[in-house]
file upload_19.tsv (TSV, C-alpha atoms and all ligand atoms)
chain	number	residue	atom	x	y	z
A	1022	MET	CA	-26.06	-33.79	-18.51
A	1023	ILE	CA	-24.93	-37.29	-17.44
A	1024	GLU	CA	-21.90	-35.75	-15.73
A	1025	SER	CA	-24.06	-33.86	-13.27
A	1026	LYS	CA	-25.78	-37.08	-12.18
A	1027	GLN	CA	-22.52	-38.96	-11.69
A	1028	ASN	CA	-20.53	-36.21	-10.06
A	1029	PRO	CA	-22.94	-33.87	-8.33
A	1030	PRO	CA	-20.53	-32.52	-5.68
A	1031	LEU	CA	-17.73	-31.87	-8.11
A	1032	LEU	CA	-19.98	-30.12	-10.56
A	1033	HIS	CA	-21.99	-28.09	-8.07
A	1034	ASP	CA	-19.26	-26.95	-5.69
A	1035	TYR	CA	-16.61	-26.42	-8.33
A	1036	THR	CA	-18.86	-24.44	-10.64
A	1037	GLN	CA	-19.53	-22.02	-7.79
A	1038	LEU	CA	-15.83	-21.58	-7.05
A	1039	LEU	CA	-14.99	-21.15	-10.72
A	1040	GLN	CA	-17.67	-18.51	-11.16
A	1041	GLN	CA	-16.12	-16.49	-8.36
A	1042	SER	CA	-12.86	-16.31	-10.27
A	1043	ARG	CA	-14.08	-15.83	-13.84
A	1044	ASP	CA	-11.37	-13.26	-14.59
A	1045	SER	CA	-8.65	-15.86	-14.46
A	1046	VAL	CA	-10.29	-18.31	-16.88
A	1047	ASP	CA	-8.84	-17.00	-20.16
A	1048	HIS	CA	-5.40	-16.95	-18.72
A	1049	ALA	CA	-5.82	-20.42	-17.30
A	1050	LYS	CA	-7.16	-21.76	-20.61
A	1051	GLN	CA	-4.02	-20.62	-22.34
A	1052	ARG	CA	-1.91	-22.34	-19.73
A	1053	VAL	CA	-3.78	-25.64	-20.00
A	1054	ASP	CA	-3.95	-25.62	-23.82
A	1055	TYR	CA	-0.22	-25.27	-23.76
A	1056	GLU	CA	0.03	-28.17	-21.35
A	1057	HIS	CA	-1.98	-30.44	-23.64
A	1058	GLU	CA	0.57	-29.77	-26.37
A	1059	LEU	CA	3.38	-31.03	-24.14
A	1060	GLU	CA	5.41	-33.76	-25.68
A	1061	GLU	CA	5.02	-37.11	-23.98
A	1062	CYS	CA	8.28	-38.36	-22.54
A	1063	ASP	CA	9.53	-41.89	-22.09
A	1064	LEU	CA	10.45	-42.30	-18.46
A	1065	PRO	CA	13.60	-44.35	-17.73
A	1066	LEU	CA	12.53	-47.97	-18.19
A	1067	VAL	CA	13.95	-50.55	-15.80
A	1068	ASP	CA	13.67	-54.27	-16.51
A	1069	LEU	CA	13.24	-55.58	-12.97
A	1070	GLY	CA	14.01	-59.10	-14.15
A	1071	GLY	CA	17.64	-58.14	-13.62
A	1072	LEU	CA	17.08	-57.69	-9.90
A	1073	TRP	CA	16.28	-61.37	-9.44
A	1074	SER	CA	18.85	-62.66	-11.89
A	1075	VAL	CA	21.32	-65.37	-10.84
A	1076	ASN	CA	23.97	-63.31	-12.59
A	1077	GLU	CA	25.51	-60.80	-10.17
A	1078	GLU	CA	26.50	-58.39	-12.92
A	1079	GLU	CA	22.86	-58.16	-14.02
A	1080	ARG	CA	21.69	-57.55	-10.45
A	1081	VAL	CA	24.24	-54.76	-9.96
A	1082	SER	CA	23.38	-53.17	-13.27
A	1083	CYS	CA	19.63	-53.23	-12.53
A	1084	ALA	CA	20.20	-51.75	-9.05
A	1085	SER	CA	22.33	-48.98	-10.48
A	1086	GLU	CA	19.61	-48.10	-13.05
A	1087	ILE	CA	17.07	-47.80	-10.22
A	1088	CYS	CA	19.34	-45.52	-8.18
A	1089	LYS	CA	20.30	-43.39	-11.16
A	1090	ALA	CA	16.66	-42.84	-12.18
A	1091	SER	CA	15.69	-42.09	-8.55
A	1092	ALA	CA	18.38	-39.41	-8.36
A	1093	GLU	CA	17.95	-37.88	-11.84
A	1094	TRP	CA	14.21	-38.21	-12.43
A	1095	GLY	CA	12.61	-39.28	-9.15
A	1096	PHE	CA	10.41	-41.35	-11.49
A	1097	PHE	CA	10.87	-44.51	-13.55
A	1098	GLN	CA	8.86	-47.31	-15.13
A	1099	ILE	CA	9.31	-50.99	-14.40
A	1100	VAL	CA	8.60	-54.03	-16.56
A	1101	ASN	CA	8.97	-57.70	-15.62
A	1102	HIS	CA	7.95	-56.57	-12.15
A	1103	GLY	CA	6.42	-59.90	-11.17
A	1104	ILE	CA	2.84	-58.64	-10.64
A	1105	SER	CA	0.55	-60.70	-12.83
A	1106	LEU	CA	-1.43	-58.97	-15.52
A	1107	GLU	CA	-4.42	-60.95	-14.38
A	1108	LEU	CA	-4.25	-59.40	-10.88
A	1109	LEU	CA	-3.78	-55.89	-12.27
A	1110	ARG	CA	-6.81	-56.33	-14.53
A	1111	ARG	CA	-8.97	-57.86	-11.78
A	1112	MET	CA	-8.16	-54.99	-9.41
A	1113	ARG	CA	-8.88	-52.42	-12.14
A	1114	LYS	CA	-12.21	-54.06	-12.99
A	1115	MET	CA	-13.29	-53.92	-9.33
A	1116	GLN	CA	-12.14	-50.32	-9.09
A	1117	VAL	CA	-14.20	-49.30	-12.13
A	1118	GLU	CA	-17.28	-51.08	-10.75
A	1119	LEU	CA	-16.85	-49.48	-7.34
A	1120	PHE	CA	-16.66	-45.95	-8.72
A	1121	LYS	CA	-19.75	-46.59	-10.87
A	1122	GLU	CA	-21.84	-46.78	-7.70
A	1123	PRO	CA	-23.97	-43.70	-6.99
A	1124	PHE	CA	-22.18	-40.91	-5.18
A	1125	GLU	CA	-24.47	-41.11	-2.12
A	1126	LYS	CA	-23.70	-44.80	-1.70
A	1127	LYS	CA	-19.95	-44.25	-1.87
A	1128	VAL	CA	-20.18	-41.55	0.78
A	1129	ALA	CA	-22.58	-43.33	3.12
A	1130	SER	CA	-21.34	-46.92	2.93
A	1131	GLY	CA	-18.46	-46.44	5.40
A	1132	LEU	CA	-16.52	-48.57	2.95
A	1133	LEU	CA	-12.79	-49.15	3.43
A	1134	ASP	CA	-12.55	-47.32	6.71
A	1135	ASN	CA	-14.55	-44.33	5.43
A	1136	SER	CA	-11.80	-43.63	2.95
A	1137	TYR	CA	-13.91	-42.15	0.16
A	1138	ARG	CA	-13.04	-38.58	-0.86
A	1139	TRP	CA	-13.92	-36.43	-3.80
A	1140	GLY	CA	-12.05	-33.36	-4.92
A	1141	ASN	CA	-10.54	-31.05	-2.39
A	1142	GLN	CA	-13.18	-29.75	-0.05
A	1143	THR	CA	-10.87	-27.17	1.50
A	1144	ALA	CA	-10.17	-25.46	-1.84
A	1145	THR	CA	-10.67	-21.72	-1.84
A	1146	CYS	CA	-9.51	-20.99	-5.40
A	1147	PRO	CA	-9.51	-22.89	-8.73
A	1148	LYS	CA	-5.83	-23.82	-8.60
A	1149	GLN	CA	-6.49	-25.85	-5.46
A	1150	LEU	CA	-9.25	-27.90	-7.09
A	1151	SER	CA	-8.74	-31.58	-7.88
A	1152	TRP	CA	-11.34	-33.04	-10.25
A	1153	CYS	CA	-11.09	-36.56	-8.89
A	1154	GLU	CA	-12.65	-38.99	-6.51
A	1155	ALA	CA	-10.60	-41.45	-4.50
A	1156	PHE	CA	-10.64	-44.19	-1.91
A	1157	HIS	CA	-7.54	-43.31	0.13
A	1158	VAL	CA	-7.30	-46.56	2.09
A	1159	PRO	CA	-5.15	-47.07	5.21
A	1160	LEU	CA	-4.15	-50.71	4.96
A	1161	THR	CA	-4.60	-51.41	8.67
A	1162	LYS	CA	-8.12	-52.59	8.01
A	1163	ILE	CA	-7.71	-54.27	4.66
A	1164	SER	CA	-8.40	-57.76	5.99
A	1165	ASP	CA	-11.28	-56.63	8.16
A	1166	GLU	CA	-14.55	-58.06	6.81
A	1167	THR	CA	-16.63	-55.30	8.39
A	1168	CYS	CA	-14.86	-52.74	6.17
A	1169	TYR	CA	-16.46	-54.08	3.03
A	1170	GLY	CA	-20.16	-54.35	3.87
A	1171	GLU	CA	-22.04	-55.20	0.71
A	1172	PHE	CA	-18.85	-54.89	-1.36
A	1173	SER	CA	-17.41	-58.10	0.12
A	1174	SER	CA	-16.03	-59.29	-3.22
A	1175	LEU	CA	-13.51	-56.43	-3.02
A	1176	ARG	CA	-11.73	-57.86	0.01
A	1177	GLU	CA	-9.91	-60.70	-1.70
A	1178	VAL	CA	-8.57	-58.64	-4.57
A	1179	MET	CA	-7.56	-55.72	-2.32
A	1180	GLN	CA	-5.62	-58.06	-0.04
A	1181	GLU	CA	-3.94	-59.82	-2.94
A	1182	TYR	CA	-3.06	-56.55	-4.64
A	1183	ALA	CA	-1.69	-54.95	-1.46
A	1184	SER	CA	0.47	-57.99	-0.61
A	1185	ALA	CA	1.94	-58.13	-4.10
A	1186	MET	CA	2.64	-54.38	-4.15
A	1187	GLN	CA	4.16	-54.48	-0.66
A	1188	GLU	CA	6.67	-57.12	-1.74
A	1189	LEU	CA	7.54	-55.22	-4.88
A	1190	ALA	CA	7.82	-51.86	-3.10
A	1191	LYS	CA	10.14	-53.37	-0.49
A	1192	SER	CA	12.37	-54.96	-3.11
A	1193	ILE	CA	12.86	-51.59	-4.78
A	1194	ALA	CA	13.30	-49.78	-1.45
A	1195	ARG	CA	15.95	-52.30	-0.36
A	1196	VAL	CA	18.04	-51.42	-3.42
A	1197	LEU	CA	17.79	-47.71	-2.63
A	1198	VAL	CA	18.62	-48.23	1.05
A	1199	MET	CA	21.68	-50.38	0.33
A	1200	ASN	CA	22.94	-47.79	-2.12
A	1201	MET	CA	22.86	-45.23	0.71
A	1202	GLY	CA	25.32	-47.40	2.58
A	1203	VAL	CA	22.75	-48.44	5.18
A	1204	GLN	CA	23.15	-52.14	5.91
A	1205	ARG	CA	20.53	-53.01	8.47
A	1206	SER	CA	17.97	-50.54	9.68
A	1207	MET	CA	14.75	-50.37	11.64
A	1208	TRP	CA	13.13	-49.55	8.35
A	1209	GLU	CA	12.36	-53.18	7.50
A	1210	ASP	CA	10.47	-53.67	10.79
A	1211	ASN	CA	8.72	-50.30	10.83
A	1212	CYS	CA	7.36	-50.52	7.33
A	1213	ASN	CA	4.88	-53.28	6.71
A	1214	GLU	CA	1.62	-53.85	4.91
A	1215	SER	CA	-0.48	-52.37	7.69
A	1216	THR	CA	1.45	-49.06	7.77
A	1217	CYS	CA	0.99	-48.44	4.04
A	1218	PHE	CA	-1.78	-46.79	2.04
A	1219	MET	CA	-3.49	-47.50	-1.21
A	1220	ARG	CA	-5.36	-44.94	-3.26
A	1221	LEU	CA	-7.92	-45.80	-5.92
A	1222	ASN	CA	-8.29	-42.73	-8.13
A	1223	ARG	CA	-10.93	-41.85	-10.67
A	1224	TYR	CA	-10.73	-38.70	-12.77
A	1225	PRO	CA	-14.13	-38.17	-14.42
A	1226	SER	CA	-14.13	-36.42	-17.78
A	1227	CYS	CA	-14.21	-32.72	-17.02
A	1228	PRO	CA	-16.47	-30.53	-19.13
A	1229	VAL	CA	-16.36	-27.61	-16.71
A	1230	SER	CA	-13.12	-25.78	-17.29
A	1231	PRO	CA	-9.58	-26.53	-18.44
A	1232	GLU	CA	-8.52	-24.57	-15.39
A	1233	VAL	CA	-9.21	-27.49	-13.08
A	1234	PHE	CA	-6.51	-30.08	-12.28
A	1235	GLY	CA	-7.25	-33.80	-12.06
A	1236	LEU	CA	-4.90	-33.85	-9.09
A	1237	VAL	CA	-3.15	-30.68	-7.99
A	1238	PRO	CA	0.67	-30.52	-8.19
A	1239	HIS	CA	2.14	-32.37	-5.20
A	1240	THR	CA	4.92	-34.63	-4.03
A	1241	ASP	CA	4.06	-37.92	-2.31
A	1242	SER	CA	4.58	-38.07	1.44
A	1243	ASP	CA	5.88	-41.65	1.56
A	1244	PHE	CA	9.12	-43.58	0.85
A	1245	LEU	CA	8.03	-44.50	-2.64
A	1246	THR	CA	4.87	-45.00	-4.68
A	1247	ILE	CA	3.99	-47.68	-7.22
A	1248	LEU	CA	1.41	-46.41	-9.68
A	1249	HIS	CA	-0.76	-48.56	-11.90
A	1250	GLN	CA	-1.94	-45.86	-14.23
A	1251	ASP	CA	-4.62	-46.08	-16.89
A	1252	GLU	CA	-3.36	-48.23	-19.78
A	1253	HIS	CA	-4.58	-45.82	-22.43
A	1254	VAL	CA	-5.66	-42.47	-21.01
A	1255	GLY	CA	-2.69	-40.27	-20.16
A	1256	GLY	CA	-2.74	-37.24	-17.89
A	1257	LEU	CA	0.16	-37.71	-15.48
A	1258	GLN	CA	2.80	-34.98	-15.72
A	1259	LEU	CA	5.97	-34.47	-13.73
A	1260	MET	CA	8.63	-31.83	-13.25
A	1261	LYS	CA	11.87	-32.48	-15.11
A	1262	ASP	CA	14.54	-29.79	-15.30
A	1263	SER	CA	12.03	-27.15	-14.15
A	1264	LYS	CA	9.55	-28.04	-16.92
A	1265	TRP	CA	6.38	-30.12	-16.91
A	1266	VAL	CA	6.64	-33.26	-19.02
A	1267	ALA	CA	3.81	-35.68	-19.79
A	1268	VAL	CA	4.18	-39.41	-19.11
A	1269	LYS	CA	3.26	-41.64	-22.02
A	1270	PRO	CA	1.07	-44.54	-20.80
A	1271	ASN	CA	2.82	-47.91	-21.20
A	1272	PRO	CA	0.34	-50.77	-20.67
A	1273	GLU	CA	3.17	-53.19	-19.81
A	1274	ALA	CA	4.72	-51.02	-17.12
A	1275	LEU	CA	4.12	-49.76	-13.59
A	1276	VAL	CA	5.37	-46.29	-12.65
A	1277	VAL	CA	7.53	-45.84	-9.55
A	1278	ASN	CA	8.17	-42.47	-7.92
A	1279	ILE	CA	10.29	-41.43	-4.96
A	1280	GLY	CA	8.44	-39.80	-2.06
A	1281	ASP	CA	9.48	-37.17	0.50
A	1282	LEU	CA	10.74	-39.70	3.07
A	1283	PHE	CA	13.40	-41.15	0.76
A	1284	GLN	CA	14.45	-37.66	-0.29
A	1285	ALA	CA	14.96	-36.67	3.38
A	1286	TRP	CA	16.65	-39.92	4.38
A	1287	SER	CA	19.05	-39.78	1.41
A	1288	ASN	CA	19.84	-36.11	2.10
A	1289	ASP	CA	18.38	-35.01	-1.27
A	1290	VAL	CA	20.18	-37.66	-3.35
A	1291	TYR	CA	16.89	-39.26	-4.37
A	1292	LYS	CA	14.32	-36.74	-5.58
A	1293	SER	CA	10.70	-36.51	-4.54
A	1294	VAL	CA	9.46	-34.82	-7.68
A	1295	GLU	CA	6.36	-32.71	-8.08
A	1296	HIS	CA	3.68	-34.28	-10.27
A	1297	LYS	CA	0.06	-33.63	-11.18
A	1298	VAL	CA	-2.78	-35.02	-13.25
A	1299	ILE	CA	-4.43	-33.12	-16.08
A	1300	VAL	CA	-8.12	-33.82	-16.75
A	1301	ASN	CA	-9.53	-34.90	-20.04
A	1302	ARG	CA	-12.66	-33.23	-21.48
A	1303	GLU	CA	-14.02	-36.41	-23.04
A	1304	VAL	CA	-12.83	-39.51	-21.24
A	1305	GLU	CA	-12.44	-40.61	-17.67
A	1306	ARG	CA	-9.18	-41.99	-16.27
A	1307	HIS	CA	-8.40	-44.46	-13.47
A	1308	SER	CA	-5.22	-45.13	-11.50
A	1309	ILE	CA	-4.15	-47.00	-8.37
A	1310	ALA	CA	-1.31	-45.80	-6.17
A	1311	TYR	CA	0.43	-47.93	-3.54
A	1312	PHE	CA	2.24	-45.77	-0.95
A	1313	LEU	CA	5.12	-47.39	0.96
A	1314	CYS	CA	4.95	-45.78	4.40
A	1315	PRO	CA	6.42	-46.51	7.86
A	1316	SER	CA	4.45	-46.51	11.11
A	1317	TYR	CA	3.56	-43.07	12.46
A	1318	GLU	CA	6.09	-43.46	15.31
A	1319	SER	CA	9.02	-44.12	12.97
A	1320	PHE	CA	11.80	-41.56	12.90
A	1321	ILE	CA	13.04	-40.38	9.53
A	1322	GLY	CA	16.66	-39.42	10.02
A	1323	CYS	CA	19.28	-38.63	7.48
A	1324	CYS	CA	21.87	-41.16	6.30
A	1325	GLU	CA	24.60	-38.50	6.74
A	1326	GLU	CA	23.91	-37.08	10.18
A	1327	GLU	CA	26.66	-34.41	10.22
A	1328	SER	CA	25.61	-32.70	6.99
A	1329	SER	CA	21.90	-33.35	7.32
A	1330	ILE	CA	19.62	-30.97	5.42
A	1331	TYR	CA	16.52	-31.97	7.37
A	1332	ARG	CA	15.95	-32.40	11.06
A	1333	ARG	CA	14.80	-35.76	12.37
A	1334	PHE	CA	11.04	-36.14	12.38
A	1335	THR	CA	8.49	-38.90	12.80
A	1336	PHE	CA	6.20	-39.86	9.97
A	1337	GLY	CA	3.25	-38.99	12.23
A	1338	GLU	CA	4.65	-35.49	12.75
A	1339	TYR	CA	5.13	-35.12	9.00
A	1340	ARG	CA	1.54	-36.15	8.20
A	1341	ARG	CA	0.11	-33.84	10.87
A	1342	GLN	CA	2.09	-30.88	9.51
A	1343	ILE	CA	0.79	-31.57	6.00
A	1344	GLN	CA	-2.80	-31.74	7.20
A	1345	GLN	CA	-2.37	-28.50	9.12
A	1346	ASP	CA	-0.81	-26.71	6.13
A	1347	VAL	CA	-3.55	-27.96	3.80
A	1348	LYS	CA	-6.10	-26.55	6.25
A	1349	VAL	CA	-4.35	-23.20	6.72
A	1350	TYR	CA	-2.82	-22.52	3.28
A	1351	GLY	CA	-4.89	-24.81	1.05
A	1352	HIS	CA	-1.81	-26.79	-0.01
A	1353	LYS	CA	0.94	-29.03	1.32
A	1354	VAL	CA	4.30	-27.41	2.19
A	1355	GLY	CA	6.15	-30.67	2.81
A	1356	LEU	CA	9.91	-31.06	3.30
A	1357	PRO	CA	10.88	-27.34	3.34
A	1358	ARG	CA	9.19	-27.17	6.76
A	1359	PHE	CA	11.82	-29.58	8.11
A	1360	ILE	CA	15.03	-27.97	6.84
A	1361	VAL	CA	17.54	-27.72	9.73
A	1362	SER	CA	18.07	-23.94	9.65
A	1363	ASN	CA	14.34	-23.27	10.05
A	1401	LIG	C1	-4.92	-31.09	-0.73
A	1401	LIG	C2	-4.00	-32.00	-0.63
A	1401	LIG	C3	-4.20	-33.41	-0.09
A	1401	LIG	C4	-2.88	-34.06	-0.41
A	1401	LIG	C5	-1.89	-32.94	-0.23
A	1401	LIG	C6	-2.56	-31.82	-1.04
A	1401	LIG	O1	-2.07	-30.52	-0.78
A	1401	LIG	C7	-2.33	-32.09	-2.51
A	1401	LIG	C8	-2.35	-33.53	-2.90
A	1401	LIG	C9	-2.87	-34.53	-1.88
A	1401	LIG	C10	-1.99	-35.78	-1.86
A	1401	LIG	C11	-2.16	-36.69	-3.07
A	1401	LIG	C12	-1.23	-37.89	-2.89
A	1401	LIG	C13	-1.32	-38.52	-1.54
A	1401	LIG	O2	-2.53	-39.20	-1.49
A	1401	LIG	C14	-1.28	-37.45	-0.41
A	1401	LIG	C15	-1.25	-38.12	0.96
A	1401	LIG	C16	-0.15	-36.51	-0.70
A	1401	LIG	O3	0.95	-36.56	-0.27
A	1401	LIG	O4	-0.60	-35.52	-1.58
A	1401	LIG	C17	-2.40	-36.47	-0.60
A	1401	LIG	C18	-2.52	-35.33	0.42
A	1401	LIG	C19	-3.53	-35.72	1.48
A	1401	LIG	O5	-4.51	-36.37	1.14
A	1401	LIG	O6	-3.35	-35.32	2.61
A	1402	LIG	O1	-3.27	-40.78	-11.16
A	1402	LIG	C1	-2.07	-40.58	-11.31
A	1402	LIG	O2	-1.51	-40.78	-12.40
A	1402	LIG	C2	-1.24	-40.02	-10.20
A	1402	LIG	C3	-1.85	-40.22	-8.83
A	1402	LIG	C4	-1.03	-39.62	-7.74
A	1402	LIG	O3	-0.12	-38.85	-7.99
A	1402	LIG	C5	-1.35	-39.94	-6.34
A	1402	LIG	O4	-2.36	-40.61	-6.07
A	1402	LIG	O5	-0.56	-39.51	-5.48
A	1403	FE	FE	1.13	-38.54	-6.23

call {"tool": "encode", "arguments": {"input": "upload_19.tsv", "output": "structure tokens", "more": "lines below"}}
Ligand SMILES: C=C1C[C@]23C[C@@]1(O)CC[C@H]2[C@@]12CC[C@H](O)[C@@](C)(C(=O)O1)[C@H]2[C@@H]3C(=O)O
Ligand SMILES: O=C(O)CCC(=O)C(=O)O
Ligand SMILES: [Fe+2]
result
Amino acid sequence: MIESKQNPPLLHDYTQLLQQSRDSVDHAKQRVDYEHELEECDLPLVDLGGLWSVNEEERVSCASEICKASAEWGFFQIVNHGISLELLRRMRKMQVELFKEPFEKKVASGLLDNSYRWGNQTATCPKQLSWCEAFHVPLTKISDETCYGEFSSLREVMQEYASAMQELAKSIARVLVMNMGVQRSMWEDNCNESTCFMRLNRYPSCPVSPEVFGLVPHTDSDFLTILHQDEHVGGLQLMKDSKWVAVKPNPEALVVNIGDLFQAWSNDVYKSVEHKVIVNREVERHSIAYFLCPSYESFIGCCEEESSIYRRFTFGEYRRQIQQDVKVYGHKVGLPRFIVSN
């Protein structure tokens, strides 16, 4: 099978884990079949052109759409976002070529600060499995030539893509911050291109079992994420009104979602919504996520100190807690760990 050549660790390790829990397969199949029948929803669509309009009314209206979607959905799509189609396509082409390299090479190359990961190696049961491979890149080293080795042609496009996404992410974040009544904050200084992360995802077609997720349900641990999802192959689902809904791919649009840090800072006004990726039996899927993050030393406080739901914490503390929980429980706990009464 071609799949076994391309994805030896996924196939070998996951098959073993799945065999150990055969009993649950029928049940899981039912669950996933049902999920494939989910209706695809149209996320709120924001024309970002309004944000840069000379007309104040248009700017205000665009900002209010962003804030409304962030509070009601935690997710929205943007068009006229200012990122050229040419750059998006060039980055995607490089991503596809990079993932086509043999598994051993991706592991051993030390590429992009050793950021290559496949699946979830700490999984102890099928529901913790993610059928994906990713370069989860800390952007500190993005300009560093030594990070690219024989993949030197990647450097230019990665830098260009990260700079463009950083600008866009900050423009959206500024709208959300101003709406919270915060005029000037340390946020602007503590959040720059080198504190952010970029994640190149590939979800191979998955012939093994419908029980496996592409990416397990999670919330993002950042301020906000800009996702360039596959133009044609869907799979992203999010929680809306306690139900999973599937996101219809829109080739013109980028997807934006609120992360845990904005939810904490806004005292739960903006929602960091759980999402996941469902695998496809026949076709592979690619996506690129840009995570807007502050430096590890940055404090995340609440905009309403007196009635704050969460205690103050640093981003570094937050990340360490997630890593510890993933190790101990197999999954992220996230914001509930930081509720004041705990
Ligand atoms: C096993 C895990 C790693 C992860 C947290 C999780 O429990 C589930 C999803 C993973 C993910 C995906 C998006 C982001 O890349 C990330 C930082 C996050 O918040 O959730 C990662 C987590 C991680 O890699 O630590
Ligand atoms: O691939 C996708 O559509 C979602 C990716 C994602 O949620 C992530 O990388 O955090
Ligand atoms: Fe995510």

call {"tool": "atom_distance", "arguments": {"input": "upload_19.tsv", "atom1": "CA of Leu1356 in chain A", "atom2": "CA of Asn1278 in chain A"}}
result
16.1 Å

call {"tool": "residues_near_ligand", "arguments": {"input": "upload_19.tsv", "ligand": "ligand LIG 1401 (chain A)", "cutoff": "7 Å", "atoms": "only C-alpha atoms and all ligand atoms", "output": "ChimeraX atom specification"}}
result
/A:1141,1157,1220,1236-1242,1343-1344,1347,1351-1353

call {"tool": "residues_around", "arguments": {"input": "upload_19.tsv", "residues": "Leu1109 in chain A", "least_positions_apart": "4", "cutoff": "9 Å", "atoms": "all atoms listed in the file", "output": "PDB file with C-alpha atoms, in the coordinates of the input"}}
result
ATOM      1  CA  ILE A1104       2.840 -58.640 -10.640  1.00  0.00           C
ATOM      2  CA  SER A1105       0.550 -60.700 -12.830  1.00  0.00           C
ATOM      3  CA  ARG A1113      -8.880 -52.420 -12.140  1.00  0.00           C
ATOM      4  CA  LYS A1114     -12.210 -54.060 -12.990  1.00  0.00           C
ATOM      5  CA  TYR A1182      -3.060 -56.550  -4.640  1.00  0.00           C
ATOM      6  CA  HIS A1249      -0.760 -48.560 -11.900  1.00  0.00           C
TER       7      HIS A1249
END

call {"tool": "residues_around", "arguments": {"input": "upload_19.tsv", "residues": "range 1117-1130 of chain A", "least_positions_apart": "6", "cutoff": "10 Å", "atoms": "only C-alpha atoms", "output": "ChimeraX atom specification"}}
result
/A:1026-1030,1136-1139,1154-1156,1168-1172,1175,1221-1223,1225,1306-1308

call {"tool": "closest_residue", "arguments": {"input": "upload_19.tsv", "among": "A:Ala1274, A:Leu1313, A:Val1203, A:Ile1279", "to": "Leu1106 in chain A", "atoms": "all atoms listed in the file"}}
result
A:Ala1274

call {"tool": "closest_residue", "arguments": {"input": "upload_19.tsv", "among": "A:Leu1275, A:Met1207, A:Met1219, A:Val1298", "to": "Gly1256 in chain A", "atoms": "all atoms listed in the file"}}
result
A:Val1298

call {"tool": "atom_distance", "arguments": {"input": "upload_19.tsv", "atom1": "CA of Leu1245 in chain A", "atom2": "CA of Trp1073 in chain A"}}
result
20.0 Å

call {"tool": "closest_residue", "arguments": {"input": "upload_19.tsv", "among": "A:Asp1243, A:Glu1252, A:Glu1209, A:Glu1077", "to": "Thr1335 in chain A", "atoms": "only C-alpha atoms"}}
result
A:Asp1243

call {"tool": "decode", "arguments": {"input": "upload_19.tsv", "residues": "range 1119-1123 of chain A", "atoms": "all heavy atoms", "output": "PDB file, in the first residue's frame"}}
result
ATOM      1  N   LEU A1119       7.405  20.017   0.472  1.00  0.00           N
ATOM      2  CA  LEU A1119       8.130  19.665   1.696  1.00  0.00           C
ATOM      3  C   LEU A1119       7.589  18.370   2.297  1.00  0.00           C
ATOM      4  O   LEU A1119       8.337  17.465   2.670  1.00  0.00           O
ATOM      5  CB  LEU A1119       7.980  20.823   2.692  1.00  0.00           C
ATOM      6  CG  LEU A1119       8.661  20.694   4.036  1.00  0.00           C
ATOM      7  CD1 LEU A1119      10.167  20.545   3.881  1.00  0.00           C
ATOM      8  CD2 LEU A1119       8.363  21.925   4.901  1.00  0.00           C
ATOM      9  N   PHE A1120       6.270  18.263   2.368  1.00  0.00           N
ATOM     10  CA  PHE A1120       5.688  17.056   2.966  1.00  0.00           C
ATOM     11  C   PHE A1120       5.898  15.813   2.100  1.00  0.00           C
ATOM     12  O   PHE A1120       5.838  14.701   2.603  1.00  0.00           O
ATOM     13  CB  PHE A1120       4.195  17.263   3.253  1.00  0.00           C
ATOM     14  CG  PHE A1120       3.949  18.009   4.545  1.00  0.00           C
ATOM     15  CD1 PHE A1120       3.318  19.244   4.545  1.00  0.00           C
ATOM     16  CD2 PHE A1120       4.350  17.465   5.757  1.00  0.00           C
ATOM     17  CE1 PHE A1120       3.087  19.933   5.731  1.00  0.00           C
ATOM     18  CE2 PHE A1120       4.128  18.149   6.957  1.00  0.00           C
ATOM     19  CZ  PHE A1120       3.499  19.384   6.939  1.00  0.00           C
ATOM     20  N   LYS A1121       6.148  16.035   0.798  1.00  0.00           N
ATOM     21  CA  LYS A1121       6.367  14.877  -0.097  1.00  0.00           C
ATOM     22  C   LYS A1121       7.696  14.192   0.174  1.00  0.00           C
ATOM     23  O   LYS A1121       7.926  13.069  -0.243  1.00  0.00           O
ATOM     24  CB  LYS A1121       6.349  15.363  -1.562  1.00  0.00           C
ATOM     25  CG  LYS A1121       4.974  15.350  -2.164  1.00  0.00           C
ATOM     26  CD  LYS A1121       5.063  15.363  -3.678  1.00  0.00           C
ATOM     27  CE  LYS A1121       3.701  15.637  -4.264  1.00  0.00           C
ATOM     28  NZ  LYS A1121       3.721  16.761  -5.208  1.00  0.00           N
ATOM     29  N   GLU A1122       8.596  14.876   0.867  1.00  0.00           N
ATOM     30  CA  GLU A1122       9.899  14.284   1.178  1.00  0.00           C
ATOM     31  C   GLU A1122       9.700  13.035   2.033  1.00  0.00           C
ATOM     32  O   GLU A1122       8.730  12.956   2.790  1.00  0.00           O
ATOM     33  CB  GLU A1122      10.754  15.289   1.955  1.00  0.00           C
ATOM     34  CG  GLU A1122      11.174  16.515   1.165  1.00  0.00           C
ATOM     35  CD  GLU A1122      12.136  16.194   0.036  1.00  0.00           C
ATOM     36  OE1 GLU A1122      12.836  15.154   0.115  1.00  0.00           O
ATOM     37  OE2 GLU A1122      12.168  16.969  -0.937  1.00  0.00           O
ATOM     38  N   PRO A1123      10.645  12.079   1.937  1.00  0.00           N
ATOM     39  CA  PRO A1123      10.484  10.857   2.741  1.00  0.00           C
ATOM     40  C   PRO A1123      10.441  11.181   4.238  1.00  0.00           C
ATOM     41  O   PRO A1123      11.091  12.125   4.689  1.00  0.00           O
ATOM     42  CB  PRO A1123      11.735  10.042   2.414  1.00  0.00           C
ATOM     43  CG  PRO A1123      12.346  10.684   1.231  1.00  0.00           C
ATOM     44  CD  PRO A1123      11.845  12.088   1.131  1.00  0.00           C
TER      45      PRO A1123
END
